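Enquirer: Coordinates in upload-v2.txt, compact mmCIF, C-alpha atoms, are listed below.
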# COMPACT_ATOMS: atom_id res chain seq x y z
CA MET P 1 0.00 0.00 0.00
CA GLY P 2 1.50 3.33 -1.05
CA ALA P 3 1.53 6.58 0.87
CA GLY P 4 -1.48 7.85 -1.06
CA ASP P 5 -3.54 4.72 -0.27
CA ALA P 6 -2.64 4.93 3.43
CA ALA P 7 -3.73 8.57 3.60
CA PHE P 8 -7.00 7.74 1.86
CA GLU P 9 -7.67 4.90 4.30
CA ARG P 10 -7.05 7.15 7.32
CA THR P 11 -9.41 9.79 5.90
CA ARG P 12 -12.13 7.16 5.32
CA LEU P 13 -11.86 5.82 8.89
CA ALA P 14 -12.00 9.33 10.36
CA SER P 15 -15.13 10.10 8.33
CA GLU P 16 -16.80 6.93 9.58
CA ARG P 17 -15.98 7.81 13.22
CA ILE P 18 -17.46 11.29 12.77
CA ALA P 19 -20.61 9.82 11.25
CA ARG P 20 -21.00 7.39 14.20
CA LEU P 21 -20.58 10.22 16.71
CA LYS P 22 -23.26 12.27 14.94
CA ARG P 23 -25.69 9.32 15.07
CA HIS P 24 -25.07 8.92 18.84
CA LEU P 25 -25.46 12.62 19.54
CA ALA P 26 -28.52 13.15 17.35
CA PRO P 27 -31.09 12.37 20.13
CA LEU P 28 -29.49 15.03 22.38
CA GLU P 29 -29.43 17.83 19.80
CA PRO P 30 -32.07 20.57 20.24
CA ASP P 31 -33.20 20.30 16.62
CA ALA P 32 -33.78 16.53 16.79
CA PRO P 33 -37.37 15.38 17.38
CA GLY P 34 -37.80 14.98 21.11
CA GLY P 35 -34.15 15.73 21.72
CA ALA P 36 -34.61 19.24 23.08
CA GLY P 37 -37.25 18.12 25.54
CA ARG P 38 -35.09 15.38 26.98
CA ALA P 39 -31.97 17.57 27.12
CA ASP P 40 -33.73 20.47 28.80
CA GLN P 41 -35.44 18.14 31.21
CA GLY P 42 -32.11 16.56 32.16
CA VAL P 43 -30.45 19.94 32.69
CA LEU P 44 -33.26 21.51 34.65
CA ALA P 45 -34.39 18.52 36.67
CA ALA P 46 -31.30 18.29 38.85
CA PRO P 47 -31.33 21.91 40.17
CA ALA P 48 -35.08 21.82 40.63
CA SER P 49 -34.87 18.54 42.55
CA ALA P 50 -32.02 19.85 44.75
CA GLU P 51 -33.92 23.03 45.54
CA ARG P 52 -37.08 21.06 46.33
CA ASN P 53 -35.17 18.76 48.68
CA SER P 54 -33.55 21.75 50.41
CA HIS P 55 -36.95 23.34 51.03
CA LEU P 56 -38.23 20.00 52.33
CA VAL P 57 -35.37 19.75 54.84
CA VAL P 58 -35.92 23.35 55.97
CA GLU P 59 -39.61 22.63 56.55
CA LYS P 60 -38.77 19.57 58.65
CA LEU P 61 -36.20 21.47 60.70
CA ALA P 62 -38.65 24.33 61.24
CA GLN P 63 -40.78 21.91 63.29
CA LEU P 64 -38.12 22.22 66.02
CA ALA P 65 -38.94 25.87 66.74
CA PRO P 66 -41.54 25.10 69.45
CA TYR P 67 -38.86 23.10 71.28
CA GLY P 68 -36.50 26.07 71.55
CA TRP P 69 -34.35 25.40 68.48
CA PHE P 70 -33.18 28.07 66.04
CA LEU P 71 -32.10 27.50 62.42
CA LEU P 72 -29.28 29.05 60.39
CA HIS P 73 -29.60 28.15 56.71
CA ASP P 74 -26.96 28.39 53.95
CA VAL P 75 -24.15 30.05 55.90
CA HIS P 76 -20.37 30.23 55.60
CA TRP P 77 -18.10 27.30 56.34
CA PRO P 78 -15.53 28.88 58.72
CA GLY P 79 -12.05 28.84 57.26
CA ARG P 80 -13.26 27.97 53.74
CA PRO P 81 -14.50 31.13 51.97
CA LEU P 82 -15.96 29.25 48.98
CA ALA P 83 -17.73 26.50 50.94
CA ARG P 84 -21.14 26.60 52.61
CA LEU P 85 -22.94 24.92 55.49
CA GLU P 86 -26.46 23.85 54.55
CA HIS P 87 -28.16 23.95 57.97
CA VAL P 88 -26.99 24.77 61.51
CA LEU P 89 -29.30 24.21 64.47
CA VAL P 90 -28.86 25.93 67.84
CA GLY P 91 -30.96 24.80 70.77
CA PRO P 92 -31.08 23.17 74.21
CA GLY P 93 -29.09 20.18 72.94
CA GLY P 94 -26.22 22.35 71.66
CA VAL P 95 -25.24 22.99 68.05
CA VAL P 96 -26.09 20.51 65.27
CA VAL P 97 -24.66 20.88 61.76
CA VAL P 98 -27.07 19.17 59.36
CA ASN P 99 -25.80 17.94 55.99
CA ALA P 100 -28.60 16.75 53.68
CA LYS P 101 -28.03 13.94 51.15
CA THR P 102 -30.27 12.78 48.32
CA TRP P 103 -28.72 9.34 47.96
CA SER P 104 -30.76 6.72 46.19
CA GLY P 105 -30.69 2.98 46.65
CA GLU P 106 -29.93 1.12 49.85
CA VAL P 107 -28.15 3.08 52.59
CA ASP P 108 -27.11 1.52 55.88
CA VAL P 109 -24.36 1.50 58.51
CA VAL P 110 -22.34 -1.73 58.64
CA ASP P 111 -19.71 -2.16 61.36
CA GLY P 112 -19.72 1.59 61.96
CA ALA P 113 -19.19 2.44 58.26
CA LEU P 114 -21.78 4.35 56.23
CA ARG P 115 -22.52 2.54 52.95
CA GLN P 116 -24.66 3.21 49.91
CA ASN P 117 -25.41 0.26 47.65
CA GLY P 118 -22.44 -1.54 49.20
CA HIS P 119 -20.00 1.32 48.61
CA ASP P 120 -18.27 3.04 51.50
CA ARG P 121 -19.30 6.69 52.01
CA PHE P 122 -16.45 7.65 54.30
CA PRO P 123 -15.84 11.03 52.51
CA ALA P 124 -19.33 12.16 53.55
CA VAL P 125 -18.63 11.20 57.17
CA GLU P 126 -15.26 12.96 57.01
CA THR P 127 -16.92 16.10 55.65
CA ALA P 128 -19.48 16.05 58.47
CA LEU P 129 -16.69 15.80 61.05
CA ALA P 130 -14.81 18.68 59.40
CA GLN P 131 -17.93 20.88 59.43
CA ALA P 132 -18.49 20.32 63.14
CA ALA P 133 -14.82 21.02 63.87
CA ALA P 134 -14.92 24.25 61.85
CA VAL P 135 -17.99 25.55 63.72
CA ALA P 136 -16.53 24.53 67.08
CA ALA P 137 -13.29 26.36 66.31
CA VAL P 138 -15.03 29.78 66.18
CA LEU P 139 -16.81 29.30 69.53
CA PRO P 140 -15.46 29.91 73.04
CA ALA P 141 -13.81 26.91 74.68
CA PRO P 142 -16.75 25.93 76.99
CA TRP P 143 -19.10 25.60 73.99
CA ARG P 144 -16.86 23.72 71.58
CA ARG P 145 -17.76 20.30 72.95
CA LEU P 146 -21.46 20.99 72.27
CA VAL P 147 -21.11 20.90 68.46
CA ARG P 148 -22.04 17.73 66.54
CA SER P 149 -22.92 16.74 62.97
CA LEU P 150 -25.92 14.94 61.51
CA ILE P 151 -26.44 13.53 58.02
CA CYS P 152 -30.04 13.81 56.81
CA LEU P 153 -31.20 11.40 54.09
CA THR P 154 -34.17 12.58 52.04
CA ALA P 155 -34.65 9.36 50.07
CA GLN P 156 -34.58 7.08 53.15
CA PRO P 157 -37.08 8.80 55.46
CA GLU P 158 -37.06 6.11 58.18
CA MET P 159 -33.28 5.69 58.43
CA GLN P 160 -31.80 5.76 61.95
CA ALA P 161 -28.16 4.83 62.57
CA THR P 162 -24.90 6.11 64.02
CA THR P 163 -21.46 5.68 62.45
CA GLY P 164 -18.39 4.52 64.31
CA SER P 165 -17.11 8.11 64.46
CA GLY P 166 -20.28 9.33 66.19
CA ILE P 167 -22.02 10.92 63.18
CA GLU P 168 -25.77 10.36 63.39
CA VAL P 169 -27.55 9.36 60.17
CA ARG P 170 -31.28 10.13 60.16
CA GLY P 171 -33.99 9.95 57.54
CA ILE P 172 -35.87 13.16 56.92
CA ASP P 173 -38.88 11.94 58.91
CA CYS P 174 -36.68 11.12 61.92
CA VAL P 175 -34.54 14.27 62.06
CA ALA P 176 -36.83 16.23 64.37
CA ALA P 177 -37.16 13.36 66.82
CA GLY P 178 -33.42 12.74 66.80
CA VAL P 179 -32.66 16.38 67.62
CA THR P 180 -35.29 16.76 70.33
CA ASN P 181 -34.03 13.58 72.03
CA LEU P 182 -30.62 15.14 72.62
CA PRO P 183 -29.92 15.84 76.30
CA ASP P 184 -30.33 19.46 77.37
CA VAL P 185 -26.98 21.16 77.84
CA LEU P 186 -27.96 24.84 77.45
CA ASP P 187 -30.56 27.00 79.12
CA SER P 188 -32.66 29.53 77.20
CA PRO P 189 -30.38 32.60 77.74
CA SER P 190 -27.34 30.58 76.62
CA VAL P 191 -29.20 29.34 73.54
CA LEU P 192 -30.10 32.91 72.55
CA LEU P 193 -26.55 34.15 73.13
CA LEU P 194 -25.02 31.28 71.17
CA TYR P 195 -27.52 31.73 68.32
CA ALA P 196 -26.71 35.43 68.07
CA GLN P 197 -22.97 34.80 68.11
CA LEU P 198 -23.12 32.11 65.43
CA GLY P 199 -25.47 34.24 63.37
CA GLN P 200 -22.78 36.94 63.21
CA LEU P 201 -19.79 34.64 62.82
CA LEU P 202 -21.27 32.53 60.03
CA THR P 203 -22.69 35.42 57.97
CA ARG P 204 -19.86 37.96 58.18
CA PRO P 205 -17.55 38.30 55.16
CA GLN P 206 -14.99 35.49 54.90
CA VAL P 207 -12.87 37.35 52.34
CA PRO P 208 -11.58 40.94 52.95
CA GLY P 209 -13.67 43.36 50.95
CA ALA P 210 -16.59 40.96 50.40
CA GLY P 211 -20.09 41.95 51.40
CA THR P 212 -22.02 40.45 54.26
CA VAL P 213 -24.21 37.50 53.29
CA ARG P 214 -27.90 38.25 53.57
CA ASN P 215 -29.31 35.20 55.26
CA PRO P 216 -33.14 35.25 55.21
CA ALA P 217 -33.31 32.43 57.77
CA TYR P 218 -31.39 34.36 60.43
CA ARG P 219 -33.49 36.61 62.65
CA PRO P 220 -32.18 37.97 65.98
CA ALA P 221 -34.42 36.58 68.69
CA ALA P 222 -36.33 38.96 70.95
CA GLY P 223 -34.25 39.98 73.94
CA CYS P 224 -31.17 38.35 72.47
CA PRO P 225 -28.02 40.28 73.37
CA ALA P 226 -25.77 41.00 70.46
CA ALA P 227 -22.44 39.25 70.52
CA PRO P 228 -19.65 41.71 71.30
CA ARG P 229 -17.50 42.60 68.35
CA PRO P 230 -13.78 42.92 68.86
CA ALA P 231 -12.53 46.51 68.90
CA PRO P 232 -10.43 47.44 65.88
CA GLN P 233 -6.77 47.23 66.69
CA ARG P 234 -4.33 49.82 65.44
CA LEU P 235 -1.32 48.41 63.68
CA VAL P 236 1.85 49.77 65.28
CA VAL P 237 5.13 49.24 63.47
CA ARG P 238 8.09 49.37 65.80
CA ARG P 239 11.48 50.06 64.34
CA PRO P 240 14.38 48.07 65.70
CA VAL P 241 16.51 50.04 68.13
CA GLN P 242 20.21 49.96 67.26
CA SER P 243 22.51 49.71 70.23
CA ARG P 244 25.29 52.30 70.50
CA SER P 245 27.47 50.12 72.73
CA LEU P 246 28.46 47.68 70.00
CA PRO P 247 32.16 47.19 69.20
CA PRO P 248 33.40 49.01 66.11
CA HIS P 249 33.67 45.84 64.05
CA TYR P 250 29.86 45.31 64.36
CA LEU P 251 28.97 48.64 62.76
CA TYR P 252 29.43 47.43 59.17
CA GLY P 253 30.88 50.60 57.74
CA ARG P 254 27.97 53.00 58.27
CA GLU P 255 29.43 54.51 61.44
CA ARG P 256 32.96 53.23 60.90
CA ARG P 257 35.42 55.88 59.85
CA PRO P 258 37.44 55.02 56.76
CA VAL P 259 41.00 53.93 57.54
CA THR P 260 43.57 55.77 55.40
CA VAL P 261 47.14 54.75 54.54
CA LEU P 262 48.66 57.62 56.54
CA ARG P 263 46.76 56.61 59.64
CA VAL P 264 48.05 53.02 59.32
CA VAL P 265 51.63 54.24 58.90
CA GLY P 266 51.33 56.58 61.87
CA ARG P 267 49.99 53.82 64.09
CA SER P 268 52.87 51.56 63.02
CA LEU P 269 55.48 54.23 63.85
CA VAL P 270 53.95 54.89 67.28
CA ALA P 271 53.88 51.15 68.01
CA GLY P 272 57.55 50.85 66.97
CA LEU P 273 58.68 53.74 69.16
CA VAL P 274 56.83 52.37 72.17
CA SER P 275 58.38 48.95 71.64
CA ALA P 276 61.88 50.46 71.33
CA ALA P 277 61.40 52.47 74.52
CA LEU P 278 60.31 49.37 76.40
CA LEU P 279 63.15 47.21 75.09
CA ALA P 280 65.96 49.80 75.45
CA PRO P 281 66.79 49.13 79.18
CA ALA P 282 66.92 45.41 78.64
CA LEU P 283 69.18 45.78 75.62
CA TRP P 284 71.51 48.16 77.52
CA LEU P 285 71.80 45.69 80.44
CA ILE P 286 72.64 42.85 78.11
CA TRP P 287 75.26 45.03 76.40
CA GLU P 288 76.97 45.80 79.74
CA LEU P 289 77.04 42.16 80.78
CA LEU P 290 78.70 41.01 77.62
CA PRO P 291 82.48 40.37 77.99
CA LYS P 292 84.55 43.19 76.60
Have the structure of the file written as structure tokens, please.
Expert:
Amino acid sequence: MGAGDAAFERTRLASERIARLKRHLAPLEPDAPGGAGRADQGVLAAPASAERNSHLVVEKLAQLAPYGWFLLHDVHWPGRPLARLEHVLVGPGGVVVVNAKTWSGEVDVVDGALRQNGHDRFPAVETALAQAAAVAAVLPAPWRRLVRSLICLTAQPEMQATTGSGIEVRGIDCVAAGVTNLPDVLDSPSVLLLYAQLGQLLTRPQVPGAGTVRNPAYRPAAGCPAAPRPAPQRLVVRRPVQSRSLPPHYLYGRERRPVTVLRVVGRSLVAGLVSAALLAPALWLIWELLPK
């Protein structure tokens, strides 16, 4: 096969591959019959479903209000300016960071490990632990131990389990009961103070120059004292004080006087005269003691 035949064969194979790709992509093109409907439905269904599930979780968590719980929705993840926390509850049982999942299939906890359809979901558990640690890090020391995480499953409403790392996994119909069953660790004034403090910490700008996030779910409770804001500190730049008692060889030429040739010669002559004056008596005594 010559060079021309080989080039023709490569061109023919490339044309056939392009034709096959067009046949596979034809149902997804907007101009194809029924293609636009399926494509648009696939693109729009996921955001609509996520938004619907988020509203459903918020509605379930709002049932905790009569029990003294307050909700912060869609707030900053402390220490990660581009990440968000979906739901944060503050109430008599402490602080609960709720992370909603729309996993399908079979979800269970086996030997302390969270699994979905037989696959380990350790990254989700690790994320829940990191969220609780981030929220605890911005709180005063006595309140840090009161922060925990909870994974809410919208597709498994009756799910109730706890992972080996202590992360509770609850179906959406069991979230309210799981939160209200927590032991009371805060009284009402402490709940209001903690809610106000977290409301400011998790909605303030995370990046210098960024605007404050407008969180429609955060409302200061009646009689809730505002968390004190730290007073702005003035940056004071102190210049290093140079000691004047340093030896001359530490002054690196700025305060050192230049040494000239005449000064070196003069010092040598003075040193020679002093040495001669000191050695003259000894030399004269040796001269007298020598035999004549």
Enquirer: Give me the residues within 12 Å of Gln156 in chain P as a ChimeraX atom specification, counting only C-alpha atoms and dropping any in the same chain fewer than 4 places off.
Expert: /P:100-108,116,151-152,160-161,169-175
Enquirer: For Glu86 in chain P, which of P:Val125, P:Ala133, P:Ala141, P:Leu150 is the closest residue, counting only C-alpha atoms?
Expert: P:Leu150
Enquirer: Which residue gives the smallest distance to Ile167 in chain P among P:Thr180, P:Asn117, P:Asn99, P:Gln200, with all atoms listed in the file counted?
Expert: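 Distance minimum relative to Ile167 in chain P lands on P:Asn99.
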Enquirer: In Å, with one decimal, what is the gap from CA of Thr162 in chain P to CA of Ser149 in chain P?
Expert: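 That distance, rounded to one decimal, is 10.9 Å.
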Enquirer: For Leu56 in chain P, which residue among P:Pro123, P:Ala155, P:Leu85, P:Trp143 is the nearest when counting only C-alpha atoms?
Expert: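 Comparing P:Pro123, P:Ala155, P:Leu85, P:Trp143 against Leu56 in chain P, the winner is P:Ala155.
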Enquirer: When you count all atoms listed in the file, which of these residues is closest to Val58 in chain P: P:Ala176, P:Arg84, P:Ala124, P:Gly118?
Expert: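 Using all atoms listed in the file, the shortest distance to Val58 in chain P belongs to P:Ala176.
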Enquirer: Between CA of Ala136 in chain P and CA of Asp120 in chain P, what is the distance in Å, rounded to a tenth?
Expert: 26.6 Å
Enquirer: Using all atoms listed in the file, pick whichever of P:Leu139, P:Leu64, P:Leu72, P:Trp287 has the shortest atom-to-atom distance to Asn181 in chain P.
Expert: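 When distances to Asn181 in chain P are compared using all atoms listed in the file, the smallest one comes from P:Leu64.
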